[in-house]
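Chemist: So that we are looking at the same thing, I have put the structure below in structure tokens.
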Amino acid sequence: MHVVLLARREDRLRALASELGAEYEVCDVGRRDDVERVAATVMERQPRIDLLVNNAGVPGRRGFTSIEPERIEELLRINYLGGIWCLRAFLPALEAAGRSDVVNIVSVAGSVAFGPAGPYSASKHAQLAFSRATTAELRPKGIHVHTVNPGLVETEGFPQATTLRSGLLRRLVVGPEHVARHVLKVIDHDRRETFVPRWYRAAAVAQALAPGLVSRLSTRSGYRS
């Protein structure tokens, strides 16, 4: 595939695009006008898009009573609305491909209410519901939507191993390459919704069956200040 990269930091984009032989556009997916501008530019060059990956996300490691209101708005703009604006903007090119794929990188937090990061969990709950709904809505158009729910992944924006209080949870942290390999398998096998690692599905089941227990455990195993 010929890759087009979208992100906010041009220095990182330029270096990665050079490594991959890819195109890039500076874009803040939390701004609808920014997404629409970039999508129009990209589709002039690439009128057919076979794959859209919505991976942008920002952390929110505070509970509802302590997080800044501006951060709550940012969480919703990027974690939830960003995927909506991208899918809407690139929809004509995805339909033009005849058969295309959309991968939404959501989170286990989308199915588990994590007390120490309530607003973040809420943004991921919204993203998960949207991804599930579009899975059903867009498949008749030839667009296959895949929902990927990672657990604890160590990245620059989410330094899990150093911020989690629970030693048990720190031992469950995986690297981004693990998620990337999983995404390729999801596309190859046309899986609609998955967890990575797959045993994180147990957390979603526990939330559904014993929400009180999950709430107590999450409070004890939150993030370091």
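Lettering and numbering for the structure tokens are positional, with chains as A, B, ... in the shown order, residues counted from 1 in each chain, and ligands counted from 1 in the shown order.
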Find the residues near Glu44 (chain A): any atom within 12 Å, counting only C-alpha atoms, skip ones fewer than 6 places away on the same chain, and give them as JSON, numbers by chain.

Modeler: {"A": [37, 38, 90, 92, 93]}

Chemist: Between A:Asn79, A:Thr134, A:Ser18, A:Thr155, which residue has the minimum interatomic distance to Gly60 (chain A), considering only C-alpha atoms?

Modeler: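 The shortest atom-to-atom distance to Gly60 (chain A) comes from A:Asn79.
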
Chemist: Between CA of Ile67 (chain A) and CA of Gly115 (chain A), what is the spacing in Å?

Modeler: 12.2 Å

Chemist: Enumerate as a ChimeraX atom specification all residues of chain A assigned to strand (DSSP E) by DSSP on the backbone, naming them with the chain letters and numbers the document uses.

Modeler: /A:4-7,23-26,51-54,100-105,143-150,193-196

Chemist: Please list as a PDB file with N, CA and C atoms, in the first residue's frame every residue within 12 Å of Ala39 (chain A), counting only C-alpha atoms and excluding residues in the same chain fewer than 2 positions away.

Modeler:
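around02.pdb was written with the following content:
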ATOM      1  N   VAL A   4      -0.364   7.310   3.574  1.00  0.00           N
ATOM      2  CA  VAL A   4      -0.460   8.739   3.866  1.00  0.00           C
ATOM      3  C   VAL A   4      -0.591   8.878   5.379  1.00  0.00           C
ATOM      4  N   LEU A   5       0.325   9.589   5.989  1.00  0.00           N
ATOM      5  CA  LEU A   5       0.375   9.746   7.441  1.00  0.00           C
ATOM      6  C   LEU A   5      -0.222  11.080   7.861  1.00  0.00           C
ATOM      7  N   LEU A   6      -1.036  11.062   8.905  1.00  0.00           N
ATOM      8  CA  LEU A   6      -1.617  12.285   9.466  1.00  0.00           C
ATOM      9  C   LEU A   6      -1.273  12.361  10.949  1.00  0.00           C
ATOM     10  N   TYR A  24       2.687  12.659   3.744  1.00  0.00           N
ATOM     11  CA  TYR A  24       2.177  13.048   5.054  1.00  0.00           C
ATOM     12  C   TYR A  24       1.484  14.393   4.955  1.00  0.00           C
ATOM     13  N   GLU A  25       0.572  14.611   5.907  1.00  0.00           N
ATOM     14  CA  GLU A  25      -0.116  15.893   6.054  1.00  0.00           C
ATOM     15  C   GLU A  25      -0.208  16.206   7.541  1.00  0.00           C
ATOM     16  N   VAL A  26       0.121  17.429   7.912  1.00  0.00           N
ATOM     17  CA  VAL A  26      -0.039  17.856   9.302  1.00  0.00           C
ATOM     18  C   VAL A  26      -1.528  18.074   9.560  1.00  0.00           C
ATOM     19  N   CYS A  27      -2.040  17.420  10.600  1.00  0.00           N
ATOM     20  CA  CYS A  27      -3.487  17.468  10.839  1.00  0.00           C
ATOM     21  C   CYS A  27      -3.788  17.226  12.301  1.00  0.00           C
ATOM     22  N   ASP A  28      -4.636  18.039  12.880  1.00  0.00           N
ATOM     23  CA  ASP A  28      -5.171  17.833  14.228  1.00  0.00           C
ATOM     24  C   ASP A  28      -6.574  17.248  14.058  1.00  0.00           C
ATOM     25  N   VAL A  29      -6.708  15.958  14.325  1.00  0.00           N
ATOM     26  CA  VAL A  29      -7.997  15.301  14.058  1.00  0.00           C
ATOM     27  C   VAL A  29      -9.100  15.779  14.993  1.00  0.00           C
ATOM     28  N   ARG A  32     -12.445  19.687  13.229  1.00  0.00           N
ATOM     29  CA  ARG A  32     -13.183  19.207  12.058  1.00  0.00           C
ATOM     30  C   ARG A  32     -12.763  19.932  10.784  1.00  0.00           C
ATOM     31  N   ASP A  33     -12.544  21.248  10.873  1.00  0.00           N
ATOM     32  CA  ASP A  33     -12.145  21.979   9.670  1.00  0.00           C
ATOM     33  C   ASP A  33     -10.762  21.544   9.191  1.00  0.00           C
ATOM     34  N   ASP A  34      -9.893  21.204  10.121  1.00  0.00           N
ATOM     35  CA  ASP A  34      -8.563  20.716   9.771  1.00  0.00           C
ATOM     36  C   ASP A  34      -8.664  19.379   9.031  1.00  0.00           C
ATOM     37  N   VAL A  35      -9.482  18.475   9.563  1.00  0.00           N
ATOM     38  CA  VAL A  35      -9.658  17.166   8.938  1.00  0.00           C
ATOM     39  C   VAL A  35     -10.253  17.309   7.540  1.00  0.00           C
ATOM     40  N   GLU A  36     -11.273  18.136   7.391  1.00  0.00           N
ATOM     41  CA  GLU A  36     -11.919  18.296   6.086  1.00  0.00           C
ATOM     42  C   GLU A  36     -10.960  18.897   5.064  1.00  0.00           C
ATOM     43  N   ARG A  37     -10.134  19.853   5.492  1.00  0.00           N
ATOM     44  CA  ARG A  37      -9.142  20.449   4.594  1.00  0.00           C
ATOM     45  C   ARG A  37      -8.130  19.406   4.123  1.00  0.00           C
ATOM     46  N   THR A  41      -7.438  17.546   0.330  1.00  0.00           N
ATOM     47  CA  THR A  41      -6.112  17.562  -0.300  1.00  0.00           C
ATOM     48  C   THR A  41      -5.647  16.150  -0.643  1.00  0.00           C
ATOM     49  N   VAL A  42      -5.824  15.229   0.304  1.00  0.00           N
ATOM     50  CA  VAL A  42      -5.384  13.846   0.093  1.00  0.00           C
ATOM     51  C   VAL A  42      -6.188  13.183  -1.028  1.00  0.00           C
ATOM     52  N   MET A  43      -7.505  13.412  -1.041  1.00  0.00           N
ATOM     53  CA  MET A  43      -8.349  12.726  -2.028  1.00  0.00           C
ATOM     54  C   MET A  43      -8.155  13.261  -3.438  1.00  0.00           C
ATOM     55  N   GLU A  44      -7.590  14.459  -3.558  1.00  0.00           N
ATOM     56  CA  GLU A  44      -7.218  14.931  -4.891  1.00  0.00           C
ATOM     57  C   GLU A  44      -6.136  14.043  -5.498  1.00  0.00           C
ATOM     58  N   ARG A  45      -5.224  13.579  -4.636  1.00  0.00           N
ATOM     59  CA  ARG A  45      -4.136  12.711  -5.093  1.00  0.00           C
ATOM     60  C   ARG A  45      -4.522  11.237  -5.036  1.00  0.00           C
ATOM     61  N   GLN A  46      -5.347  10.881  -4.037  1.00  0.00           N
ATOM     62  CA  GLN A  46      -5.716   9.483  -3.805  1.00  0.00           C
ATOM     63  C   GLN A  46      -7.253   9.373  -3.743  1.00  0.00           C
ATOM     64  N   PRO A  47      -7.929   9.298  -4.870  1.00  0.00           N
ATOM     65  CA  PRO A  47      -9.398   9.266  -4.855  1.00  0.00           C
ATOM     66  C   PRO A  47      -9.984   7.957  -4.333  1.00  0.00           C
ATOM     67  N   ARG A  48      -9.152   6.909  -4.254  1.00  0.00           N
ATOM     68  CA  ARG A  48      -9.587   5.621  -3.698  1.00  0.00           C
ATOM     69  C   ARG A  48      -8.711   5.295  -2.497  1.00  0.00           C
ATOM     70  N   ILE A  49      -9.351   5.031  -1.371  1.00  0.00           N
ATOM     71  CA  ILE A  49      -8.613   4.680  -0.146  1.00  0.00           C
ATOM     72  C   ILE A  49      -9.051   3.291   0.293  1.00  0.00           C
ATOM     73  N   LEU A  52      -8.328   2.958   6.252  1.00  0.00           N
ATOM     74  CA  LEU A  52      -8.238   4.118   7.141  1.00  0.00           C
ATOM     75  C   LEU A  52      -8.030   3.598   8.557  1.00  0.00           C
ATOM     76  N   TRP A  85     -14.845  12.596  12.530  1.00  0.00           N
ATOM     77  CA  TRP A  85     -14.522  13.549  11.467  1.00  0.00           C
ATOM     78  C   TRP A  85     -13.712  12.880  10.357  1.00  0.00           C
ATOM     79  N   CYS A  86     -12.765  12.007  10.727  1.00  0.00           N
ATOM     80  CA  CYS A  86     -11.949  11.335   9.710  1.00  0.00           C
ATOM     81  C   CYS A  86     -12.792  10.390   8.857  1.00  0.00           C
ATOM     82  N   LEU A  87     -13.657   9.622   9.489  1.00  0.00           N
ATOM     83  CA  LEU A  87     -14.471   8.677   8.731  1.00  0.00           C
ATOM     84  C   LEU A  87     -15.427   9.415   7.792  1.00  0.00           C
ATOM     85  N   ARG A  88     -16.040  10.489   8.279  1.00  0.00           N
ATOM     86  CA  ARG A  88     -16.941  11.270   7.416  1.00  0.00           C
ATOM     87  C   ARG A  88     -16.186  11.893   6.248  1.00  0.00           C
ATOM     88  N   ALA A  89     -15.024  12.445   6.533  1.00  0.00           N
ATOM     89  CA  ALA A  89     -14.282  13.165   5.500  1.00  0.00           C
ATOM     90  C   ALA A  89     -13.747  12.232   4.414  1.00  0.00           C
ATOM     91  N   PHE A  90     -13.312  11.045   4.807  1.00  0.00           N
ATOM     92  CA  PHE A  90     -12.716  10.111   3.842  1.00  0.00           C
ATOM     93  C   PHE A  90     -13.716   9.094   3.296  1.00  0.00           C
ATOM     94  N   LEU A  91     -14.976   9.199   3.698  1.00  0.00           N
ATOM     95  CA  LEU A  91     -15.981   8.225   3.279  1.00  0.00           C
ATOM     96  C   LEU A  91     -16.112   8.106   1.760  1.00  0.00           C
ATOM     97  N   PRO A  92     -16.117   9.201   0.999  1.00  0.00           N
ATOM     98  CA  PRO A  92     -16.233   9.044  -0.456  1.00  0.00           C
ATOM     99  C   PRO A  92     -15.109   8.204  -1.064  1.00  0.00           C
ATOM    100  N   ALA A  93     -13.889   8.374  -0.563  1.00  0.00           N
ATOM    101  CA  ALA A  93     -12.758   7.606  -1.098  1.00  0.00           C
ATOM    102  C   ALA A  93     -12.820   6.149  -0.652  1.00  0.00           C
ATOM    103  N   LEU A  94     -13.314   5.904   0.547  1.00  0.00           N
ATOM    104  CA  LEU A  94     -13.473   4.526   1.022  1.00  0.00           C
ATOM    105  C   LEU A  94     -14.537   3.796   0.200  1.00  0.00           C
TER     106      LEU A  94
END

Chemist: Go through A:Val148, A:Arg99, A:Asp50, A:Ala126 and flag the residue nearest Ala180 (chain A), using only C-alpha atoms for the distances.

Modeler: A:Val148

Chemist: Using only C-alpha atoms, determine which residues lie at most 10 Å from Asn55 (chain A), disregarding the query and same-chain residues fewer than 5 positions distant; provide the list as a VMD selection string.

Modeler: chain A and resid 6 to 7 78 to 79 82 to 83 103 to 106 148

Chemist: Save out the residues we just selected, N, CA and C atoms, as an mmCIF file, in the first residue's frame.

Modeler:
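Writing done, so here's out.cif:
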data_model
loop_
_atom_site.group_PDB
_atom_site.id
_atom_site.type_symbol
_atom_site.label_atom_id
_atom_site.label_comp_id
_atom_site.auth_asym_id
_atom_site.auth_seq_id
_atom_site.Cartn_x
_atom_site.Cartn_y
_atom_site.Cartn_z
ATOM 1 N N LEU A 6 -1.036 11.062 8.905
ATOM 2 C CA LEU A 6 -1.617 12.285 9.466
ATOM 3 C C LEU A 6 -1.273 12.361 10.949
ATOM 4 N N ALA A 7 -0.763 13.496 11.385
ATOM 5 C CA ALA A 7 -0.502 13.729 12.801
ATOM 6 C C ALA A 7 -0.206 15.213 12.998
ATOM 7 N N ILE A 78 -10.524 14.611 20.522
ATOM 8 C CA ILE A 78 -9.537 13.759 19.856
ATOM 9 C C ILE A 78 -9.921 12.287 19.918
ATOM 10 N N ASN A 79 -10.225 11.787 21.106
ATOM 11 C CA ASN A 79 -10.482 10.346 21.254
ATOM 12 C C ASN A 79 -11.784 9.900 20.608
ATOM 13 N N GLY A 82 -12.560 12.832 16.781
ATOM 14 C CA GLY A 82 -11.534 12.717 15.750
ATOM 15 C C GLY A 82 -11.811 11.591 14.775
ATOM 16 N N GLY A 83 -12.214 10.425 15.298
ATOM 17 C CA GLY A 83 -12.536 9.294 14.436
ATOM 18 C C GLY A 83 -13.774 9.551 13.584
ATOM 19 N N VAL A 103 -10.021 0.736 10.568
ATOM 20 C CA VAL A 103 -9.608 0.202 11.864
ATOM 21 C C VAL A 103 -9.691 1.321 12.896
ATOM 22 N N ASN A 104 -10.514 1.131 13.895
ATOM 23 C CA ASN A 104 -10.630 2.082 14.990
ATOM 24 C C ASN A 104 -9.896 1.516 16.210
ATOM 25 N N ILE A 105 -8.823 2.178 16.599
ATOM 26 C CA ILE A 105 -8.095 1.769 17.801
ATOM 27 C C ILE A 105 -8.798 2.401 18.996
ATOM 28 N N VAL A 106 -9.537 1.600 19.729
ATOM 29 C CA VAL A 106 -10.324 2.106 20.859
ATOM 30 C C VAL A 106 -9.536 1.815 22.145
ATOM 31 N N VAL A 148 -10.587 -2.407 17.476
ATOM 32 C CA VAL A 148 -9.483 -3.030 18.206
ATOM 33 C C VAL A 148 -9.382 -2.377 19.581
#

Chemist: Please identify all polymer residues within 9 Å of Gly142 (chain A), counting only C-alpha atoms, omitting same-chain residues fewer than 6 positions from it, and present them as a list in words.

Modeler: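 Contacts, in chain order: Leu94, Glu95, Ala97, Gly98, Arg99, Ser100 and Asp101 of chain A.
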
Chemist: For the atom pair CA of Ala96 (chain A) and CA of Ile187 (chain A), what is the interatomic distance in Å to one decimal place?

Modeler: 18.7 Å

Chemist: What is the CA of Met1 (chain A)-CA of Ala56 (chain A) distance in Å, reported with one decimal?

Modeler: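 Rounded to one decimal, the two atoms are 20.4 Å apart.
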
Chemist: Can you check which residues of region 72-166 of chain A DSSP gives as helix (DSSP H, G or I) on the backbone and send them as a ChimeraX atom specification?

Modeler: /A:72-96,108-110,115-141,160-163
